[in-house]
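Quick look at start_17.txt (compact mmCIF, N, CA and C atoms):
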```
# COMPACT_ATOMS: atom_id res chain seq x y z
N MET A 1 -42.94 -62.33 5.13
CA MET A 1 -42.87 -60.92 5.42
C MET A 1 -43.94 -60.15 4.65
N VAL A 2 -44.19 -60.54 3.41
CA VAL A 2 -45.19 -59.85 2.60
C VAL A 2 -46.57 -59.97 3.24
N ASN A 3 -46.93 -61.16 3.76
CA ASN A 3 -48.24 -61.34 4.36
C ASN A 3 -48.44 -60.43 5.56
N SER A 4 -47.43 -60.28 6.41
CA SER A 4 -47.59 -59.43 7.58
C SER A 4 -47.73 -57.96 7.16
N ARG A 5 -47.03 -57.56 6.11
CA ARG A 5 -47.18 -56.19 5.62
C ARG A 5 -48.58 -55.97 5.06
N PHE A 6 -49.07 -56.97 4.32
CA PHE A 6 -50.42 -56.86 3.76
C PHE A 6 -51.44 -56.76 4.87
N TRP A 7 -51.34 -57.62 5.89
CA TRP A 7 -52.28 -57.61 7.00
C TRP A 7 -52.27 -56.25 7.70
N PHE A 8 -51.07 -55.73 7.95
CA PHE A 8 -50.97 -54.43 8.61
C PHE A 8 -51.63 -53.35 7.77
N ALA A 9 -51.39 -53.37 6.46
CA ALA A 9 -51.97 -52.35 5.57
C ALA A 9 -53.49 -52.48 5.54
N ALA A 10 -54.00 -53.70 5.46
CA ALA A 10 -55.45 -53.91 5.43
C ALA A 10 -56.08 -53.45 6.73
N LYS A 11 -55.44 -53.75 7.85
CA LYS A 11 -55.95 -53.34 9.15
C LYS A 11 -55.95 -51.81 9.27
N LEU A 12 -54.89 -51.20 8.80
CA LEU A 12 -54.77 -49.75 8.85
C LEU A 12 -55.85 -49.09 7.99
N ILE A 13 -56.10 -49.63 6.82
CA ILE A 13 -57.13 -49.07 5.93
C ILE A 13 -58.50 -49.18 6.59
N CYS A 14 -58.82 -50.34 7.18
CA CYS A 14 -60.12 -50.53 7.84
C CYS A 14 -60.30 -49.56 9.00
N GLN A 15 -59.21 -49.25 9.68
CA GLN A 15 -59.31 -48.36 10.83
C GLN A 15 -59.39 -46.89 10.43
N THR A 16 -58.90 -46.55 9.24
CA THR A 16 -58.86 -45.14 8.86
C THR A 16 -59.96 -44.73 7.90
N GLN A 17 -60.58 -45.67 7.20
CA GLN A 17 -61.63 -45.35 6.26
C GLN A 17 -62.94 -45.17 6.99
N PRO A 18 -63.61 -44.02 6.86
CA PRO A 18 -64.83 -43.79 7.61
C PRO A 18 -65.97 -44.72 7.25
N ASN A 19 -66.07 -45.18 6.01
CA ASN A 19 -67.18 -46.03 5.59
C ASN A 19 -66.81 -47.51 5.56
N SER A 20 -65.60 -47.86 5.95
CA SER A 20 -65.20 -49.26 5.94
C SER A 20 -65.84 -49.98 7.12
N PRO A 21 -66.22 -51.25 6.92
CA PRO A 21 -66.77 -52.00 8.05
C PRO A 21 -65.70 -52.17 9.12
N GLN A 22 -66.11 -52.20 10.37
CA GLN A 22 -65.16 -52.40 11.44
C GLN A 22 -64.55 -53.79 11.33
N PRO A 23 -63.30 -53.94 11.73
CA PRO A 23 -62.74 -55.28 11.78
C PRO A 23 -63.61 -56.15 12.69
N ARG A 24 -63.72 -57.43 12.36
CA ARG A 24 -64.63 -58.33 13.07
C ARG A 24 -64.40 -58.31 14.57
N ARG A 25 -63.15 -58.35 15.03
CA ARG A 25 -62.89 -58.36 16.45
C ARG A 25 -63.43 -57.12 17.14
N GLU A 26 -63.38 -55.99 16.46
CA GLU A 26 -63.91 -54.75 17.03
C GLU A 26 -65.43 -54.82 17.15
N ARG A 27 -66.11 -55.33 16.13
CA ARG A 27 -67.56 -55.43 16.17
C ARG A 27 -68.01 -56.36 17.29
N GLU A 28 -67.32 -57.50 17.46
CA GLU A 28 -67.75 -58.49 18.43
C GLU A 28 -67.62 -58.00 19.86
N LYS A 29 -66.81 -57.00 20.12
CA LYS A 29 -66.67 -56.47 21.47
C LYS A 29 -67.97 -55.84 21.94
N HIS A 30 -68.82 -55.43 21.03
CA HIS A 30 -70.02 -54.70 21.37
C HIS A 30 -71.29 -55.55 21.32
N LEU A 31 -71.17 -56.86 21.19
CA LEU A 31 -72.35 -57.72 21.12
C LEU A 31 -72.98 -57.89 22.50
N THR A 32 -74.31 -57.89 22.53
CA THR A 32 -75.00 -58.21 23.78
C THR A 32 -74.91 -59.71 24.00
N GLU A 33 -75.30 -60.15 25.17
CA GLU A 33 -75.26 -61.59 25.47
C GLU A 33 -76.16 -62.37 24.50
N LEU A 34 -77.34 -61.82 24.22
CA LEU A 34 -78.25 -62.49 23.29
C LEU A 34 -77.66 -62.53 21.88
N GLU A 35 -77.04 -61.45 21.45
CA GLU A 35 -76.41 -61.42 20.12
C GLU A 35 -75.29 -62.45 20.03
N GLU A 36 -74.52 -62.60 21.10
CA GLU A 36 -73.45 -63.60 21.12
C GLU A 36 -74.02 -65.01 20.99
N LYS A 37 -75.12 -65.28 21.70
CA LYS A 37 -75.75 -66.60 21.63
C LYS A 37 -76.28 -66.88 20.22
N VAL A 38 -76.89 -65.87 19.62
CA VAL A 38 -77.41 -66.04 18.26
C VAL A 38 -76.26 -66.26 17.29
N ARG A 39 -75.20 -65.45 17.40
CA ARG A 39 -74.05 -65.61 16.50
C ARG A 39 -73.46 -67.02 16.63
N ALA A 40 -73.36 -67.51 17.84
CA ALA A 40 -72.83 -68.86 18.06
C ALA A 40 -73.73 -69.92 17.42
N GLU A 41 -75.04 -69.76 17.60
CA GLU A 41 -75.98 -70.76 17.07
C GLU A 41 -76.02 -70.75 15.54
N VAL A 42 -76.12 -69.56 14.94
CA VAL A 42 -76.16 -69.52 13.47
C VAL A 42 -74.80 -69.87 12.88
N GLY A 43 -73.75 -69.67 13.64
CA GLY A 43 -72.42 -70.06 13.18
C GLY A 43 -72.25 -71.56 13.04
N LYS A 44 -73.11 -72.33 13.71
CA LYS A 44 -73.05 -73.80 13.63
C LYS A 44 -73.70 -74.34 12.36
N VAL A 45 -74.49 -73.52 11.68
CA VAL A 45 -75.16 -73.96 10.45
C VAL A 45 -74.10 -74.34 9.42
N GLN A 46 -74.31 -75.47 8.76
CA GLN A 46 -73.34 -75.94 7.78
C GLN A 46 -73.75 -75.59 6.36
N ASP A 47 -72.77 -75.19 5.59
CA ASP A 47 -72.96 -74.98 4.16
C ASP A 47 -72.96 -76.37 3.53
N PRO A 48 -74.07 -76.79 2.90
CA PRO A 48 -74.13 -78.15 2.34
C PRO A 48 -73.15 -78.38 1.19
N GLU A 49 -72.71 -77.33 0.55
CA GLU A 49 -71.78 -77.50 -0.57
C GLU A 49 -70.35 -77.77 -0.10
N THR A 50 -69.96 -77.19 1.04
CA THR A 50 -68.58 -77.34 1.51
C THR A 50 -68.46 -78.20 2.75
N GLY A 51 -69.56 -78.32 3.51
CA GLY A 51 -69.51 -79.05 4.76
C GLY A 51 -68.94 -78.22 5.91
N MET A 52 -68.57 -76.99 5.62
CA MET A 52 -68.03 -76.10 6.65
C MET A 52 -69.16 -75.31 7.30
N THR A 53 -68.92 -74.88 8.54
CA THR A 53 -69.93 -74.08 9.23
C THR A 53 -69.84 -72.63 8.75
N PHE A 54 -70.93 -71.90 9.00
CA PHE A 54 -70.94 -70.48 8.63
C PHE A 54 -69.89 -69.72 9.41
N ALA A 55 -69.63 -70.13 10.64
CA ALA A 55 -68.58 -69.48 11.44
C ALA A 55 -67.21 -69.70 10.79
N GLU A 56 -66.93 -70.93 10.37
CA GLU A 56 -65.65 -71.23 9.73
C GLU A 56 -65.48 -70.44 8.43
N MET A 57 -66.59 -70.26 7.72
CA MET A 57 -66.53 -69.55 6.43
C MET A 57 -66.72 -68.03 6.59
N GLN A 58 -66.97 -67.58 7.81
CA GLN A 58 -67.18 -66.17 8.12
C GLN A 58 -68.29 -65.56 7.24
N MET A 59 -69.39 -66.28 7.15
CA MET A 59 -70.51 -65.84 6.32
C MET A 59 -71.49 -64.94 7.08
N ILE A 60 -71.41 -64.93 8.40
CA ILE A 60 -72.31 -64.10 9.20
C ILE A 60 -71.67 -62.71 9.31
N ALA A 61 -72.30 -61.74 8.66
CA ALA A 61 -71.74 -60.39 8.62
C ALA A 61 -72.10 -59.58 9.85
N ASN A 62 -73.31 -59.79 10.38
CA ASN A 62 -73.75 -58.96 11.48
C ASN A 62 -74.89 -59.64 12.23
N VAL A 63 -74.89 -59.46 13.54
CA VAL A 63 -75.99 -59.89 14.39
C VAL A 63 -76.33 -58.71 15.28
N LYS A 64 -77.59 -58.30 15.26
CA LYS A 64 -77.99 -57.10 16.01
C LYS A 64 -79.34 -57.34 16.66
N GLU A 65 -79.42 -57.08 17.97
CA GLU A 65 -80.69 -57.16 18.67
C GLU A 65 -81.42 -55.83 18.43
N GLU A 66 -82.47 -55.89 17.62
CA GLU A 66 -83.20 -54.68 17.23
C GLU A 66 -84.04 -54.15 18.38
N GLU A 67 -84.65 -55.06 19.11
CA GLU A 67 -85.45 -54.75 20.30
C GLU A 67 -85.48 -56.04 21.10
N PRO A 68 -85.93 -56.00 22.35
CA PRO A 68 -85.90 -57.23 23.15
C PRO A 68 -86.58 -58.41 22.45
N GLY A 69 -85.81 -59.47 22.26
CA GLY A 69 -86.33 -60.69 21.64
C GLY A 69 -86.31 -60.71 20.12
N VAL A 70 -86.00 -59.58 19.50
CA VAL A 70 -85.98 -59.49 18.03
C VAL A 70 -84.54 -59.28 17.58
N VAL A 71 -84.07 -60.20 16.75
CA VAL A 71 -82.68 -60.12 16.29
C VAL A 71 -82.64 -60.06 14.77
N LYS A 72 -81.68 -59.29 14.27
CA LYS A 72 -81.45 -59.20 12.82
C LYS A 72 -80.10 -59.83 12.53
N VAL A 73 -80.10 -60.77 11.58
CA VAL A 73 -78.87 -61.46 11.18
C VAL A 73 -78.63 -61.17 9.70
N GLU A 74 -77.44 -60.71 9.38
CA GLU A 74 -77.05 -60.48 7.98
C GLU A 74 -75.99 -61.49 7.61
N PHE A 75 -76.15 -62.08 6.43
CA PHE A 75 -75.14 -63.03 5.97
C PHE A 75 -74.79 -62.75 4.51
N ILE A 76 -73.61 -63.21 4.14
CA ILE A 76 -73.12 -63.03 2.77
C ILE A 76 -72.85 -64.42 2.20
N PRO A 77 -73.60 -64.82 1.18
CA PRO A 77 -73.33 -66.13 0.58
C PRO A 77 -71.97 -66.15 -0.12
N THR A 78 -71.49 -67.33 -0.40
CA THR A 78 -70.16 -67.46 -1.00
C THR A 78 -70.08 -66.93 -2.42
N SER A 79 -71.25 -66.78 -3.06
CA SER A 79 -71.28 -66.30 -4.44
C SER A 79 -72.52 -65.44 -4.65
N PRO A 80 -72.43 -64.40 -5.48
CA PRO A 80 -73.62 -63.59 -5.76
C PRO A 80 -74.69 -64.38 -6.52
N PHE A 81 -74.33 -65.55 -7.01
CA PHE A 81 -75.26 -66.40 -7.75
C PHE A 81 -75.53 -67.71 -7.02
N CYS A 82 -75.24 -67.76 -5.73
CA CYS A 82 -75.40 -68.98 -4.93
C CYS A 82 -76.80 -69.56 -5.13
N PRO A 83 -76.89 -70.80 -5.65
CA PRO A 83 -78.21 -71.37 -5.94
C PRO A 83 -78.99 -71.79 -4.70
N ILE A 84 -78.35 -71.86 -3.54
CA ILE A 84 -79.05 -72.30 -2.34
C ILE A 84 -79.19 -71.18 -1.30
N ALA A 85 -79.09 -69.95 -1.72
CA ALA A 85 -79.16 -68.81 -0.79
C ALA A 85 -80.50 -68.77 -0.04
N PHE A 86 -81.60 -69.14 -0.72
CA PHE A 86 -82.90 -69.19 -0.03
C PHE A 86 -82.85 -70.19 1.12
N LYS A 87 -82.29 -71.37 0.86
CA LYS A 87 -82.18 -72.40 1.89
C LYS A 87 -81.28 -71.93 3.03
N LEU A 88 -80.17 -71.28 2.69
CA LEU A 88 -79.26 -70.80 3.73
C LEU A 88 -79.96 -69.79 4.63
N ALA A 89 -80.73 -68.89 4.05
CA ALA A 89 -81.46 -67.89 4.83
C ALA A 89 -82.44 -68.57 5.78
N THR A 90 -83.14 -69.58 5.29
CA THR A 90 -84.09 -70.32 6.13
C THR A 90 -83.36 -71.06 7.25
N ASP A 91 -82.23 -71.67 6.93
CA ASP A 91 -81.45 -72.39 7.95
C ASP A 91 -80.97 -71.43 9.04
N ILE A 92 -80.55 -70.23 8.64
CA ILE A 92 -80.10 -69.23 9.61
C ILE A 92 -81.26 -68.81 10.50
N LYS A 93 -82.41 -68.55 9.89
CA LYS A 93 -83.58 -68.13 10.66
C LYS A 93 -83.97 -69.21 11.68
N ASN A 94 -84.00 -70.46 11.24
CA ASN A 94 -84.35 -71.57 12.14
C ASN A 94 -83.35 -71.70 13.28
N ALA A 95 -82.08 -71.53 12.99
CA ALA A 95 -81.04 -71.61 14.03
C ALA A 95 -81.20 -70.47 15.04
N ALA A 96 -81.45 -69.27 14.56
CA ALA A 96 -81.61 -68.12 15.45
C ALA A 96 -82.82 -68.30 16.36
N MET A 97 -83.89 -68.87 15.83
CA MET A 97 -85.11 -69.06 16.61
C MET A 97 -84.95 -70.10 17.72
N LYS A 98 -83.91 -70.92 17.65
CA LYS A 98 -83.64 -71.91 18.70
C LYS A 98 -83.10 -71.28 19.97
N VAL A 99 -82.57 -70.07 19.86
CA VAL A 99 -81.95 -69.42 21.01
C VAL A 99 -83.03 -68.95 21.98
N PRO A 100 -82.94 -69.36 23.25
CA PRO A 100 -83.92 -68.91 24.24
C PRO A 100 -83.94 -67.38 24.32
N GLY A 101 -85.15 -66.84 24.33
CA GLY A 101 -85.30 -65.39 24.40
C GLY A 101 -85.58 -64.74 23.07
N ILE A 102 -85.38 -65.48 21.98
CA ILE A 102 -85.66 -64.93 20.65
C ILE A 102 -87.12 -65.18 20.31
N THR A 103 -87.84 -64.11 20.00
CA THR A 103 -89.24 -64.22 19.60
C THR A 103 -89.41 -64.00 18.10
N LYS A 104 -88.44 -63.33 17.49
CA LYS A 104 -88.50 -63.08 16.05
C LYS A 104 -87.07 -62.93 15.52
N ALA A 105 -86.80 -63.59 14.41
CA ALA A 105 -85.49 -63.49 13.77
C ALA A 105 -85.68 -62.95 12.35
N LEU A 106 -85.03 -61.86 12.07
CA LEU A 106 -85.02 -61.28 10.73
C LEU A 106 -83.69 -61.62 10.09
N VAL A 107 -83.73 -62.20 8.91
CA VAL A 107 -82.50 -62.63 8.23
C VAL A 107 -82.40 -61.90 6.90
N PHE A 108 -81.24 -61.30 6.68
CA PHE A 108 -81.01 -60.55 5.45
C PHE A 108 -79.77 -61.06 4.74
N CYS A 109 -79.97 -61.41 3.49
CA CYS A 109 -78.89 -61.83 2.60
C CYS A 109 -78.29 -60.56 2.00
N ARG A 110 -76.98 -60.51 1.90
CA ARG A 110 -76.30 -59.35 1.30
C ARG A 110 -75.38 -59.84 0.17
N GLY A 111 -75.35 -59.08 -0.91
CA GLY A 111 -74.43 -59.39 -1.99
C GLY A 111 -74.87 -60.49 -2.94
N HIS A 112 -76.14 -60.80 -2.97
CA HIS A 112 -76.66 -61.83 -3.87
C HIS A 112 -77.51 -61.16 -4.94
N MET A 113 -77.51 -61.71 -6.13
CA MET A 113 -78.27 -61.09 -7.22
C MET A 113 -79.77 -61.08 -6.96
N MET A 114 -80.25 -61.95 -6.08
CA MET A 114 -81.68 -62.00 -5.75
C MET A 114 -81.92 -61.66 -4.28
N GLU A 115 -81.07 -60.83 -3.71
CA GLU A 115 -81.18 -60.58 -2.27
C GLU A 115 -82.54 -59.98 -1.87
N GLN A 116 -83.11 -59.14 -2.70
CA GLN A 116 -84.41 -58.55 -2.35
C GLN A 116 -85.48 -59.64 -2.22
N GLN A 117 -85.53 -60.54 -3.18
CA GLN A 117 -86.51 -61.62 -3.13
C GLN A 117 -86.25 -62.57 -1.95
N ILE A 118 -84.99 -62.87 -1.72
CA ILE A 118 -84.63 -63.75 -0.61
C ILE A 118 -85.06 -63.12 0.71
N ASN A 119 -84.76 -61.83 0.88
CA ASN A 119 -85.09 -61.14 2.12
C ASN A 119 -86.61 -61.03 2.32
N GLU A 120 -87.34 -60.76 1.24
CA GLU A 120 -88.81 -60.68 1.36
C GLU A 120 -89.40 -62.03 1.76
N MET A 121 -88.97 -63.08 1.09
CA MET A 121 -89.53 -64.42 1.37
C MET A 121 -89.15 -64.90 2.78
N THR A 122 -87.95 -64.65 3.20
CA THR A 122 -87.48 -65.12 4.49
C THR A 122 -88.16 -64.40 5.65
N ASN A 123 -88.50 -63.14 5.44
CA ASN A 123 -88.99 -62.32 6.56
C ASN A 123 -90.48 -62.01 6.48
N LYS A 124 -91.22 -62.70 5.58
CA LYS A 124 -92.67 -62.40 5.49
C LYS A 124 -93.43 -63.02 6.63
```
Could I get this file's structure written as structure tokens?
Amino acid sequence: MVNSRFWFAAKLICQTQPNSPQPRREREKHLTELEEKVRAEVGKVQDPETGMTFAEMQMIANVKEEEPGVVKVEFIPTSPFCPIAFKLATDIKNAAMKVPGITKALVFCRGHMMEQQINEMTNK
């Protein structure tokens, strides 16, 4: 009973807070076909430390088609000190580029102590 109350409260807070991120199901309703394909492809990338996919770990925060053929993918590593965040960003970029129709993939790490450096190196 406690878990269902917690879930309801968390859902209610996300829906009522103006700056809270939308619940994942709400965000996914608005994905374009290309964004869905990219999300599916980058979701298959495996975290080498756990063996789980990014989709299973819910590490993909956002996928957005910025302009035709250009997609932006945001991910959150499991730790702000994740030692393989550079590799994860590269793996995500490579996976996104496999999707037909993608000409450029921009990958942004969020919540990492070196996110600026990771983002610059990944997207140069």
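Using only C-alpha atoms, the smallest distance between any of A:Pro77, A:Met52, A:Lys64, A:Lys87 and His30 (chain A) comes from A:Lys64.
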Q.
Please extract the residues of region 28-80 of chain A with a backbone DSSP assignment of alpha helix (DSSP H) and present them as an MDAnalysis selection string.
A. chainID A and resid 28 33:43 54:57
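Comparing A:Thr53, A:Gln117, A:Thr32, A:Thr90 by their smallest distance to Gly69 (chain A), the closest is A:Thr32 (using only C-alpha atoms).
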Q) Which neighbours of Ile118 (chain A) fall inside 7 Å, counting only N, CA and C atoms, when residues of the same chain fewer than 2 positions from it are skipped, and could you give them as JSON, numbers by chain? A) {"A": [85, 86, 107, 108, 109, 114, 115, 116, 120, 121, 122, 123]}
**Q.** Straight-line distance linking CA of Lys72 (chain A) with atom C of Glu49 (chain A), stated in Å to one decimal
**A.** 25.2 Å
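For the pair CA of Phe81 (chain A) and CA of Met57 (chain A), the separation is 16.9 Å.
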